[in-house]
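Okay, so here's the structure we're looking at.
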There are 2 protein chains.
Amino acid sequence: MSRLIVAFDPEGEPLRYWVGLAGELCREIWGVKVGLPFLLRYGSSSLREIRGACDKSLIADLKLADIEPVMLSSVSALRGLVDAVIAHAFVGYAGAIEGLRRGAEEMGVKLILVASMSHSGSEEVIDPAFERVLEVIRRAEPWGIVAPATRPAVIAAIRQRGFTQKILSPGVGAQGALPGSALRAGADYEIVGRYITRSKDPLATARAINLQHQLVLGSSGGAG
Amino acid sequence: MSRLIVAFDPEGEPLRYWVGLAGELCREIWGVKVGLPFLLRYGSSSLREIRGACDKSLIADLKLADIEPVMLSSVSALRGLVDAVIAHAFVGYAGAIEGLRRGAEEMGVKLILVASMSHSGSEEVIDPAFERVLEVIRRAEPWGIVAPATRPAVIAAIRQRGFTQKILSPGVGAQGALPGSALRAGADYEIVGRYITRSKDPLATARAINLQHQLVLGSSGGAG
């Protein structure tokens, strides 16, 4: 099973470009992550086309960070279209993540919470609040946790604290982390965007990442 | 001039309901705020219809909380459609708000940063990081700041620290704060959603809030 999630970050392409890429990469990936720019440009119905081209996990990386009724309304708008949504634990449990977790579950959508981010500015406010953020995650018991491949010590710290959730790590490739580095630190999936989608041969790049993952994991589990 | 921003939070209505409401309320409001649920349901092009019905300030409350290139890509998708976007200061300056601020300015979109939120969970992580969040806002020099009407002491604290930006306050009405309470504490605008949009007579409710605002401000400035 592949440990690779490809992130689709549009820069002016028509939707059919991404639909084609989803089909091309499908055998090599665990899932596709689309963010807010993708949904604002192509609309929610575009998710059906991506799913049609590649029926694997589809994650809406909305980075939800609002009060409960607003976050639930956003998830409701994507109900039946995505498998999981990403929200910020930073907004707190009461009146926010508590209701989102319950509501998302009822809608059959997995919840993934951000513990830390991949850019340097994460060290200004989010990381000093790390223990408080983890406390929100502990209470929420989400399906998954986002932690940055660019700072593998953060991934290791989450595992050391006993969290058994799936860890998804962005920051591999264009942001500087090497393929496999997050898996080695304890992550379950690596999220790769531009490094694959802007490469001359996205399929070959995805295959090379999967090979690297297999080396790191030392397992016989191939991609596909 | 009205100090009232009406928030459009959909619950399954057709878009024409909101377009009609924008037209009905237009003379009584300073602007309209739409959130992520609105954009996910109706698409970005719906903003043109809202603008067509009421050519006042239009704020996209995306609660952006991502790395710089992703946030810029979201703003770019709404370029020419909105006057301002709301982002979270807690993502930090480096690699996030710094570039967003510059990019939004180049796109002619005002930046509004969240200092604190209106729900109780804001006290778990965001409020203990208050000084760090304010430091990001100080460096970014955004057009506006979001601070909750439900905790007027937070608004007063921002003013006491010398911030001269516009302060926009959600939490009035359905979330419990009285109309006028945020203005009294130092805010410039009060954001009211369900209290107006779910009332039997939205126009009369908006007028009543404007009257309350005039009492609090003790000015002769009427709505419109």
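For the structure tokens, the naming scheme is as follows: chains receive sequential letters (A, B, ...) according to their order of presentation, residues are indexed from 1 within each chain, and ligands are indexed from 1 in presentation order.
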Neighbouring residues of Asp127 (chain A) were defined as those with any atom within 10 Å, considering only C-alpha atoms; residues of the same chain fewer than 3 positions away were excluded. Please report them as a JSON list (two decimals) with C-alpha atoms, in the first residue's frame.
```json
[["chain", "number", "residue", "atom", "x", "y", "z"],
["A", 115, "ALA", "CA", -0.82, 19.62, 15.48],
["A", 116, "SER", "CA", 1.90, 21.73, 13.87],
["A", 117, "MET", "CA", 2.69, 23.22, 10.48],
["A", 121, "GLY", "CA", 6.20, 30.77, 11.24],
["A", 122, "SER", "CA", 4.69, 27.73, 12.96],
["A", 123, "GLU", "CA", 7.36, 28.29, 15.62],
["A", 124, "GLU", "CA", 5.97, 31.76, 16.49],
["A", 130, "PHE", "CA", 2.11, 22.59, 21.32],
["A", 131, "GLU", "CA", 1.03, 20.93, 24.59],
["A", 132, "ARG", "CA", -2.29, 22.78, 24.61],
["A", 133, "VAL", "CA", -2.90, 21.83, 20.97],
["A", 154, "VAL", "CA", 7.51, 17.13, 16.19],
["B", 91, "VAL", "CA", -0.20, 30.76, 11.78]]
```
For this session: Give as a PyMOL selection string every residue of chain A that touches chain B within 9 Å, counting only C-alpha atoms.
Result: chain A and resi 9-11+35-44+62-68+70-78+88-97+117-126+128-129+132-133+136
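The coordinates place CA of Gly193 (chain A) at 12.0 Å from CA of Leu21 (chain A).
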Can you tell me which residues surround Ile50 (chain B) at a distance of at most 12 Å, considering only C-alpha atoms, apart from same-chain residues fewer than 6 positions away, and format the answer as a CSV table (one decimal) with C-alpha atoms, in the first residue's frame?
```
chain,number,residue,atom,x,y,z
B,8,PHE,CA,-24.6,35.2,5.7
B,15,LEU,CA,-28.7,31.6,-3.4
B,16,ARG,CA,-31.5,33.9,-4.4
B,17,TYR,CA,-32.6,34.1,-0.8
B,18,TRP,CA,-29.3,35.6,0.2
B,19,VAL,CA,-29.2,37.9,-2.9
B,20,GLY,CA,-32.7,39.2,-1.9
B,21,LEU,CA,-31.6,39.7,1.7
B,22,ALA,CA,-28.5,41.6,0.6
B,23,GLY,CA,-30.7,44.0,-1.4
B,24,GLU,CA,-33.3,44.3,1.4
B,25,LEU,CA,-30.7,45.1,4.1
B,26,CYS,CA,-28.3,47.1,2.0
B,31,GLY,CA,-21.1,45.4,4.6
B,32,VAL,CA,-21.7,41.7,4.1
B,33,LYS,CA,-19.5,38.9,5.4
B,34,VAL,CA,-19.7,35.5,3.8
B,38,PHE,CA,-21.4,30.1,1.7
B,39,LEU,CA,-18.5,29.8,-0.9
B,42,TYR,CA,-22.8,28.6,-4.0
B,43,GLY,CA,-19.3,28.9,-5.5
B,44,SER,CA,-17.2,32.0,-5.9
B,56,LYS,CA,-21.1,47.7,-0.1
B,57,SER,CA,-18.1,46.1,1.5
B,58,LEU,CA,-17.9,42.4,0.9
B,59,ILE,CA,-15.7,40.3,3.2
B,60,ALA,CA,-14.7,36.7,2.6
B,81,LEU,CA,-14.8,39.6,-6.1
B,82,VAL,CA,-14.2,40.7,-2.5
```
Exercise. If we count only C-alpha atoms, what is near Glu105 (chain B) at a cut-off of 12 Å, once residues fewer than 2 positions away on the same chain are taken out, given as a PyMOL selection string?
Worked result: chain B and resi 72+75-76+79+83-85+97-103+107-112+140-143
